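Visitor: Contents of data02.pdb (PDB, C-alpha atoms and all ligand atoms) are below:
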```pdb
MODEL        1
ATOM      1  CA  MET R   1     -14.314  -4.905  -6.279
ATOM      2  CA  ARG R   2     -11.800  -5.293  -3.451
ATOM      3  CA  ILE R   3      -8.200  -4.880  -4.478
ATOM      4  CA  VAL R   4      -4.899  -4.808  -2.599
ATOM      5  CA  PHE R   5      -1.989  -3.031  -4.257
ATOM      6  CA  PHE R   6       1.267  -4.555  -3.207
ATOM      7  CA  GLY R   7       4.874  -3.618  -3.887
ATOM      8  CA  ALA R   8       7.946  -1.894  -2.534
ATOM      9  CA  PRO R   9       7.854   1.760  -1.483
ATOM     10  CA  GLY R  10       8.116   3.846  -4.639
ATOM     11  CA  SER R  11       6.893   1.039  -6.901
ATOM     12  CA  GLY R  12       3.977   3.193  -8.079
ATOM     13  CA  LYS R  13       1.179   1.706  -5.959
ATOM     14  CA  GLY R  14      -0.309   5.082  -5.096
ATOM     15  CA  THR R  15      -0.214   6.387  -8.652
ATOM     16  CA  GLN R  16      -1.749   3.249 -10.128
ATOM     17  CA  ALA R  17      -4.374   3.013  -7.403
ATOM     18  CA  THR R  18      -5.418   6.618  -8.030
ATOM     19  CA  LEU R  19      -5.930   5.852 -11.723
ATOM     20  CA  LEU R  20      -7.859   2.643 -11.048
ATOM     21  CA  LYS R  21     -10.132   4.296  -8.534
ATOM     22  CA  SER R  22     -12.026   6.226 -11.199
ATOM     23  CA  THR R  23     -12.334   3.129 -13.408
ATOM     24  CA  PHE R  24     -14.099   1.168 -10.679
ATOM     25  CA  GLY R  25     -15.674   4.021  -8.702
ATOM     26  CA  ILE R  26     -14.245   2.804  -5.405
ATOM     27  CA  PRO R  27     -12.030   4.664  -2.928
ATOM     28  CA  HIS R  28      -8.257   4.476  -2.830
ATOM     29  CA  ILE R  29      -7.312   3.800   0.772
ATOM     30  CA  SER R  30      -3.631   4.372   1.477
ATOM     31  CA  THR R  31      -2.541   3.703   5.059
ATOM     32  CA  GLY R  32       0.502   5.940   4.391
ATOM     33  CA  ASP R  33      -1.787   8.833   3.327
ATOM     34  CA  LEU R  34      -4.093   8.243   6.303
ATOM     35  CA  LEU R  35      -1.090   8.276   8.663
ATOM     36  CA  ARG R  36       0.348  11.421   7.026
ATOM     37  CA  GLY R  37      -3.084  13.037   7.541
ATOM     38  CA  HIS R  38      -2.922  12.190  11.254
ATOM     39  CA  VAL R  39       0.605  13.615  11.489
ATOM     40  CA  ALA R  40      -0.472  16.815   9.704
ATOM     41  CA  ARG R  41      -3.490  17.232  12.013
ATOM     42  CA  GLY R  42      -1.383  16.469  15.087
ATOM     43  CA  THR R  43      -3.774  13.776  16.386
ATOM     44  CA  ALA R  44      -2.720  11.386  19.169
ATOM     45  CA  LEU R  45      -2.112   8.730  16.536
ATOM     46  CA  GLY R  46      -0.117  11.166  14.400
ATOM     47  CA  LEU R  47       2.088  12.082  17.349
ATOM     48  CA  LYS R  48       2.850   8.399  17.956
ATOM     49  CA  ALA R  49       3.483   7.658  14.278
ATOM     50  CA  LYS R  50       5.568  10.664  13.189
ATOM     51  CA  ALA R  51       9.078   9.663  14.271
ATOM     52  CA  VAL R  52       8.567   6.023  13.243
ATOM     53  CA  MET R  53       7.481   7.116   9.762
ATOM     54  CA  GLU R  54      10.329   9.568   9.346
ATOM     55  CA  ALA R  55      12.759   6.771  10.207
ATOM     56  CA  GLY R  56      11.165   4.546   7.547
ATOM     57  CA  GLN R  57      10.057   1.924  10.064
ATOM     58  CA  LEU R  58       6.599   0.375  10.453
ATOM     59  CA  VAL R  59       4.001   1.957  12.727
ATOM     60  CA  SER R  60       2.562  -0.575  15.211
ATOM     61  CA  ASP R  61       0.142  -3.132  13.780
ATOM     62  CA  GLU R  62      -2.491  -2.280  16.358
ATOM     63  CA  LEU R  63      -2.558   1.451  15.559
ATOM     64  CA  VAL R  64      -2.713   0.916  11.809
ATOM     65  CA  LEU R  65      -5.401  -1.771  12.040
ATOM     66  CA  GLY R  66      -7.677   0.422  14.179
ATOM     67  CA  MET R  67      -7.273   3.287  11.722
ATOM     68  CA  LEU R  68      -7.992   1.012   8.746
ATOM     69  CA  GLU R  69     -11.021  -0.546  10.391
ATOM     70  CA  ASP R  70     -12.530   2.915  10.905
ATOM     71  CA  ARG R  71     -11.844   3.862   7.296
ATOM     72  CA  LEU R  72     -13.374   0.667   5.875
ATOM     73  CA  ALA R  73     -16.510   1.298   7.931
ATOM     74  CA  GLU R  74     -17.163   4.547   6.005
ATOM     75  CA  ALA R  75     -20.012   4.386   3.488
ATOM     76  CA  ASP R  76     -17.918   4.942   0.355
ATOM     77  CA  ALA R  77     -16.015   1.690   1.005
ATOM     78  CA  ALA R  78     -19.180  -0.442   0.972
ATOM     79  CA  PRO R  79     -18.984  -1.254  -2.779
ATOM     80  CA  GLY R  80     -15.244  -1.999  -2.546
ATOM     81  CA  PHE R  81     -11.842  -0.386  -2.163
ATOM     82  CA  ILE R  82      -8.282  -0.276  -3.373
ATOM     83  CA  LEU R  83      -5.942  -0.797  -0.465
ATOM     84  CA  ASP R  84      -2.441   0.606  -0.804
ATOM     85  CA  GLY R  85       0.292   0.095   1.793
ATOM     86  CA  TYR R  86      -1.548  -2.544   3.807
ATOM     87  CA  PRO R  87      -0.822  -5.325   4.706
ATOM     88  CA  ARG R  88       2.897  -4.800   5.280
ATOM     89  CA  ASN R  89       3.703  -7.925   7.281
ATOM     90  CA  LEU R  90       2.201 -11.357   7.856
ATOM     91  CA  ALA R  91       0.436 -10.326  11.078
ATOM     92  CA  GLN R  92      -1.316  -7.530   9.146
ATOM     93  CA  ALA R  93      -2.266  -9.970   6.368
ATOM     94  CA  ASP R  94      -3.884 -12.227   8.991
ATOM     95  CA  ALA R  95      -5.627  -9.274  10.623
ATOM     96  CA  LEU R  96      -6.947  -8.069   7.273
ATOM     97  CA  GLY R  97      -8.258 -11.540   6.437
ATOM     98  CA  ALA R  98     -10.080 -11.687   9.774
ATOM     99  CA  LEU R  99     -11.470  -8.156   9.410
ATOM    100  CA  LEU R 100     -12.733  -8.728   5.861
ATOM    101  CA  ALA R 101     -14.268 -12.072   6.835
ATOM    102  CA  ARG R 102     -16.080 -10.336   9.689
ATOM    103  CA  ILE R 103     -17.560  -7.686   7.392
ATOM    104  CA  ASP R 104     -18.146 -10.287   4.674
ATOM    105  CA  GLN R 105     -16.005  -8.509   2.073
ATOM    106  CA  PRO R 106     -13.325 -10.941   0.869
ATOM    107  CA  LEU R 107     -10.527  -9.703  -1.380
ATOM    108  CA  ASP R 108     -10.849 -10.199  -5.134
ATOM    109  CA  VAL R 109      -7.265  -9.663  -6.165
ATOM    110  CA  VAL R 110      -3.814  -8.670  -4.906
ATOM    111  CA  VAL R 111      -1.786  -6.817  -7.534
ATOM    112  CA  LYS R 112       1.968  -6.865  -6.991
ATOM    113  CA  LEU R 113       3.938  -4.198  -8.843
ATOM    114  CA  ASN R 114       7.458  -5.376  -9.608
ATOM    115  CA  VAL R 115      10.107  -2.635  -9.865
ATOM    116  CA  PRO R 116      13.860  -3.173  -9.327
ATOM    117  CA  ASN R 117      15.469  -1.410  -6.365
ATOM    118  CA  GLU R 118      17.681   0.816  -8.552
ATOM    119  CA  ALA R 119      14.613   2.257 -10.290
ATOM    120  CA  ILE R 120      12.923   2.764  -6.912
ATOM    121  CA  LEU R 121      15.908   4.671  -5.519
ATOM    122  CA  GLU R 122      15.806   6.919  -8.585
ATOM    123  CA  ARG R 123      12.030   7.556  -8.322
ATOM    124  CA  CYS R 124      12.178   8.308  -4.599
ATOM    125  CA  ALA R 125      15.100  10.708  -5.127
ATOM    126  CA  LYS R 126      12.923  12.603  -7.627
ATOM    127  CA  ARG R 127       9.944  12.609  -5.238
ATOM    128  CA  PHE R 128      12.253  13.795  -2.431
ATOM    129  CA  ALA R 129      13.347  16.725  -4.599
ATOM    130  CA  ALA R 130       9.742  17.537  -5.586
ATOM    131  CA  GLU R 131       7.799  16.924  -2.353
ATOM    132  CA  GLY R 132      10.435  16.841   0.391
ATOM    133  CA  ARG R 133       8.985  13.794   2.168
ATOM    134  CA  LYS R 134      11.560  13.006   4.875
ATOM    135  CA  ASP R 135      11.242   9.272   4.282
ATOM    136  CA  ASP R 136      12.202   9.738   0.603
ATOM    137  CA  ASN R 137      15.704  10.745   1.658
ATOM    138  CA  PRO R 138      17.946   8.159  -0.125
ATOM    139  CA  ASP R 139      19.327   6.733   3.152
ATOM    140  CA  VAL R 140      15.837   6.282   4.553
ATOM    141  CA  VAL R 141      14.629   4.721   1.272
ATOM    142  CA  ARG R 142      17.382   2.084   1.576
ATOM    143  CA  GLY R 143      16.089   1.320   5.071
ATOM    144  CA  ARG R 144      12.486   1.148   3.809
ATOM    145  CA  LEU R 145      13.547  -1.270   1.091
ATOM    146  CA  ALA R 146      15.208  -3.439   3.760
ATOM    147  CA  VAL R 147      12.002  -3.365   5.859
ATOM    148  CA  TYR R 148      10.072  -4.322   2.711
ATOM    149  CA  ALA R 149      12.396  -7.244   1.926
ATOM    150  CA  GLU R 150      12.313  -8.573   5.491
ATOM    151  CA  GLN R 151       8.746  -7.993   6.579
ATOM    152  CA  THR R 152       6.551  -7.185   3.592
ATOM    153  CA  ALA R 153       7.842  -9.378   0.747
ATOM    154  CA  PRO R 154       6.782 -12.634   2.536
ATOM    155  CA  VAL R 155       3.173 -11.412   2.324
ATOM    156  CA  ALA R 156       3.299 -11.963  -1.474
ATOM    157  CA  ALA R 157       3.936 -15.686  -0.973
ATOM    158  CA  PHE R 158       1.027 -15.752   1.486
ATOM    159  CA  TYR R 159      -1.344 -14.343  -1.174
ATOM    160  CA  ALA R 160       0.153 -16.511  -3.916
ATOM    161  CA  ARG R 161      -0.945 -19.531  -1.870
ATOM    162  CA  THR R 162      -4.516 -18.192  -1.796
ATOM    163  CA  GLY R 163      -4.463 -17.885  -5.617
ATOM    164  CA  LYS R 164      -5.236 -14.155  -5.432
ATOM    165  CA  LEU R 165      -1.823 -12.747  -6.369
ATOM    166  CA  VAL R 166      -1.211 -11.252  -9.808
ATOM    167  CA  GLU R 167       2.232  -9.865 -10.627
ATOM    168  CA  VAL R 168       2.639  -6.876 -12.934
ATOM    169  CA  ASP R 169       5.798  -5.375 -14.410
ATOM    170  CA  GLY R 170       5.841  -1.870 -12.938
ATOM    171  CA  VAL R 171       8.606  -0.506 -15.173
ATOM    172  CA  GLY R 172       7.631   1.651 -18.149
ATOM    173  CA  GLU R 173       5.501   4.606 -19.093
ATOM    174  CA  LEU R 174       2.621   5.361 -16.756
ATOM    175  CA  ALA R 175      -0.009   4.481 -19.372
ATOM    176  CA  GLU R 176       1.697   1.179 -20.194
ATOM    177  CA  VAL R 177       1.840   0.115 -16.560
ATOM    178  CA  SER R 178      -1.802   1.189 -16.044
ATOM    179  CA  ALA R 179      -2.905  -0.911 -18.998
ATOM    180  CA  ARG R 180      -1.078  -3.930 -17.523
ATOM    181  CA  VAL R 181      -2.644  -3.333 -14.124
ATOM    182  CA  LEU R 182      -6.142  -3.031 -15.573
ATOM    183  CA  ALA R 183      -5.714  -6.206 -17.595
ATOM    184  CA  ALA R 184      -4.436  -8.043 -14.514
ATOM    185  CA  VAL R 185      -7.349  -6.889 -12.371
ATOM    186  CA  ARG R 186      -9.915  -7.767 -15.049
ATOM    187  CA  SER R 187      -8.408 -11.218 -15.601
ATOM    188  CA  ALA R 188      -8.444 -12.001 -11.906
ATOM    189  CA  ALA R 189     -11.847 -10.651 -10.927
TER
HETATM  190  P1  LIG Q   1       3.686   4.663   2.371
HETATM  191  O1  LIG Q   1       3.148   5.981   1.948
HETATM  192  O2  LIG Q   1       2.732   3.522   2.120
HETATM  193  O3  LIG Q   1       5.057   4.377   1.816
HETATM  194  O4  LIG Q   1       3.836   4.716   3.965
HETATM  195  C1  LIG Q   1       4.666   5.676   4.596
HETATM  196  C2  LIG Q   1       5.017   5.210   5.994
HETATM  197  O5  LIG Q   1       3.812   5.066   6.771
HETATM  198  C3  LIG Q   1       5.686   3.833   6.079
HETATM  199  O6  LIG Q   1       7.086   3.895   5.855
HETATM  200  C4  LIG Q   1       5.347   3.434   7.512
HETATM  201  O7  LIG Q   1       6.131   4.145   8.447
HETATM  202  C5  LIG Q   1       3.919   3.946   7.651
HETATM  203  N1  LIG Q   1       2.934   2.917   7.220
HETATM  204  C6  LIG Q   1       2.102   2.957   6.130
HETATM  205  N2  LIG Q   1       1.349   1.859   6.059
HETATM  206  C7  LIG Q   1       1.713   1.095   7.116
HETATM  207  C8  LIG Q   1       1.312  -0.191   7.576
HETATM  208  N3  LIG Q   1       0.399  -0.924   6.922
HETATM  209  N4  LIG Q   1       1.904  -0.668   8.718
HETATM  210  C9  LIG Q   1       2.820   0.048   9.385
HETATM  211  N5  LIG Q   1       3.264   1.241   8.995
HETATM  212  C10 LIG Q   1       2.706   1.775   7.870
ENDMDL
END
```
Translate this file's structure into structure tokens.
Ligand code: AMP
Guide:
Amino acid sequence: MRIVFFGAPGSGKGTQATLLKSTFGIPHISTGDLLRGHVARGTALGLKAKAVMEAGQLVSDELVLGMLEDRLAEADAAPGFILDGYPRNLAQADALGALLARIDQPLDVVVKLNVPNEAILERCAKRFAAEGRKDDNPDVVRGRLAVYAEQTAPVAAFYARTGKLVEVDGVGELAEVSARVLAAVRSAA
């Protein structure tokens, strides 16, 4: 099963992907988590990405694609994966299509979590208080939402045209949203 989780920052992609991962026994691959790992380890990639991430902007397509390609080549991703945070613009969607065609692993479904901006600002403010992620600072979140609207949202229309997009209401109790996500994935796969 090959799934892309799609939605604005703070829409719950990571949380839902983590829950789904045990249901399907496939890894949750978050480009944000991979990048934060590079920053924490102080790798060359992490050094390039740090300031861009803290400002809530997108890291270069080339750097993220190389990192993703390496991750997808690991053995645990052979039976499938849940991708979270990629693709984030149309160029990345094209690159992902080409990469998956090359390794003969086409996507099964793209799940889009719909959450209004006000709810996102609230969630990120809570996460900022709990985890202190610099990019959860309310001003940066507004910028990330603008980046999402300009660059990432058009990717949904791209997947809608392929017939792979399923939209899920991401507002509600965790268990409710998970049940909706699971039903959406099962109906599409
Ligand atoms: P996330 O945890 O998915 O919200 O990602 C945190 C930050 O990592 C983003 O605001 C970007 O700076 C960077 N990032 C994550 N995924 C990507 C991507 N696919 N393309 C470019 N930058 C990314």
Visitor: Compare R:Ala156, R:Leu83, R:Ala183, R:Val140 by their minimum atom-to-atom distance to Ala55 in chain R, counting only C-alpha atoms, and give me the closest one.
Guide: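 The closest residue to Ala55 in chain R is R:Val140.
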Visitor: For range 5-64 of chain R against range 119-124 of chain R, with a cut-off of 9 Å and counting only C-alpha atoms, what is the closest atom pair and its distance in Å to one decimal for every residue that makes the cut, ordered by chain and number, as CSV?
Guide:
```
residue,atom,partner,partner_atom,distance
R:Ala8,CA,R:Ile120,CA,8.1
R:Pro9,CA,R:Ile120,CA,7.5
R:Gly10,CA,R:Ile120,CA,5.4
R:Ser11,CA,R:Ile120,CA,6.3
```
Visitor: For Gly163 in chain R, which of R:Thr23, R:Leu68, R:Thr15, R:Ala188 is the closest residue, counting all atoms listed in the file?
Guide: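 Among the listed residues, the smallest separation from Gly163 in chain R belongs to R:Ala188.
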Visitor: Using all atoms listed in the file, find each residue of chain R with at least one atom at most 8 Å away from an atom of ligand LIG 1 (chain Q); report its shortest atom-to-atom pair and that distance in Å (one decimal), sort the rows by chain and rising residue number, and return the result as a Markdown table.
Guide:
```
| residue | atom | partner | partner_atom | distance |
| --- | --- | --- | --- | --- |
| R:Pro9 | CA | Q:LIG1 | O3 | 5.1 |
| R:Gly10 | CA | Q:LIG1 | O3 | 7.2 |
| R:Gly14 | CA | Q:LIG1 | O1 | 7.9 |
| R:Ser30 | CA | Q:LIG1 | O2 | 6.5 |
| R:Thr31 | CA | Q:LIG1 | N2 | 4.4 |
| R:Gly32 | CA | Q:LIG1 | O4 | 3.6 |
| R:Asp33 | CA | Q:LIG1 | O1 | 5.9 |
| R:Leu35 | CA | Q:LIG1 | O5 | 6.2 |
| R:Arg36 | CA | Q:LIG1 | O5 | 7.2 |
| R:Ala49 | CA | Q:LIG1 | O7 | 7.3 |
| R:Val52 | CA | Q:LIG1 | O7 | 5.7 |
| R:Met53 | CA | Q:LIG1 | O7 | 3.5 |
| R:Glu54 | CA | Q:LIG1 | O7 | 6.9 |
| R:Ala55 | CA | Q:LIG1 | O7 | 7.3 |
| R:Gly56 | CA | Q:LIG1 | O6 | 4.5 |
| R:Gln57 | CA | Q:LIG1 | O7 | 4.8 |
| R:Leu58 | CA | Q:LIG1 | N5 | 3.7 |
| R:Val59 | CA | Q:LIG1 | N5 | 3.9 |
| R:Ser60 | CA | Q:LIG1 | C9 | 5.9 |
| R:Asp61 | CA | Q:LIG1 | N4 | 5.9 |
| R:Val64 | CA | Q:LIG1 | N4 | 5.8 |
| R:Leu65 | CA | Q:LIG1 | N3 | 7.8 |
| R:Asp84 | CA | Q:LIG1 | O2 | 6.6 |
| R:Gly85 | CA | Q:LIG1 | O2 | 4.2 |
| R:Tyr86 | CA | Q:LIG1 | N3 | 4.0 |
| R:Pro87 | CA | Q:LIG1 | N3 | 5.1 |
| R:Arg88 | CA | Q:LIG1 | N3 | 4.9 |
| R:Asn89 | CA | Q:LIG1 | N4 | 7.6 |
| R:Gln92 | CA | Q:LIG1 | N3 | 7.2 |
| R:Asp135 | CA | Q:LIG1 | O6 | 7.0 |
| R:Arg144 | CA | Q:LIG1 | O6 | 6.4 |
```
Visitor: Compare R:His28, R:Lys13, R:Arg180, R:Arg142 by their minimum atom-to-atom distance to Arg71 in chain R, counting all atoms listed in the file, and give me the closest one.
Guide: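 Counting all atoms listed in the file, the residue closest to Arg71 in chain R is R:His28.
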Visitor: Considering all atoms listed in the file, can you say which of R:Val147, R:Ala101, R:Met1, R:Pro116 comes closest to Val171 in chain R?
Guide: R:Pro116
Visitor: Measuring between only C-alpha atoms, which one of R:Asp139, R:Asp108, R:Glu62, R:Glu131 shows the shortest distance to Gly80 in chain R?
Guide: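 Using only C-alpha atoms, Gly80 in chain R sits closest to R:Asp108.
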Visitor: Using all atoms listed in the file, pick whichever of R:Leu99, R:Gln105, R:Ala40, R:Gln151 has the shortest atom-to-atom distance to Glu69 in chain R.
Guide: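 Comparing R:Leu99, R:Gln105, R:Ala40, R:Gln151 against Glu69 in chain R, the winner is R:Leu99.
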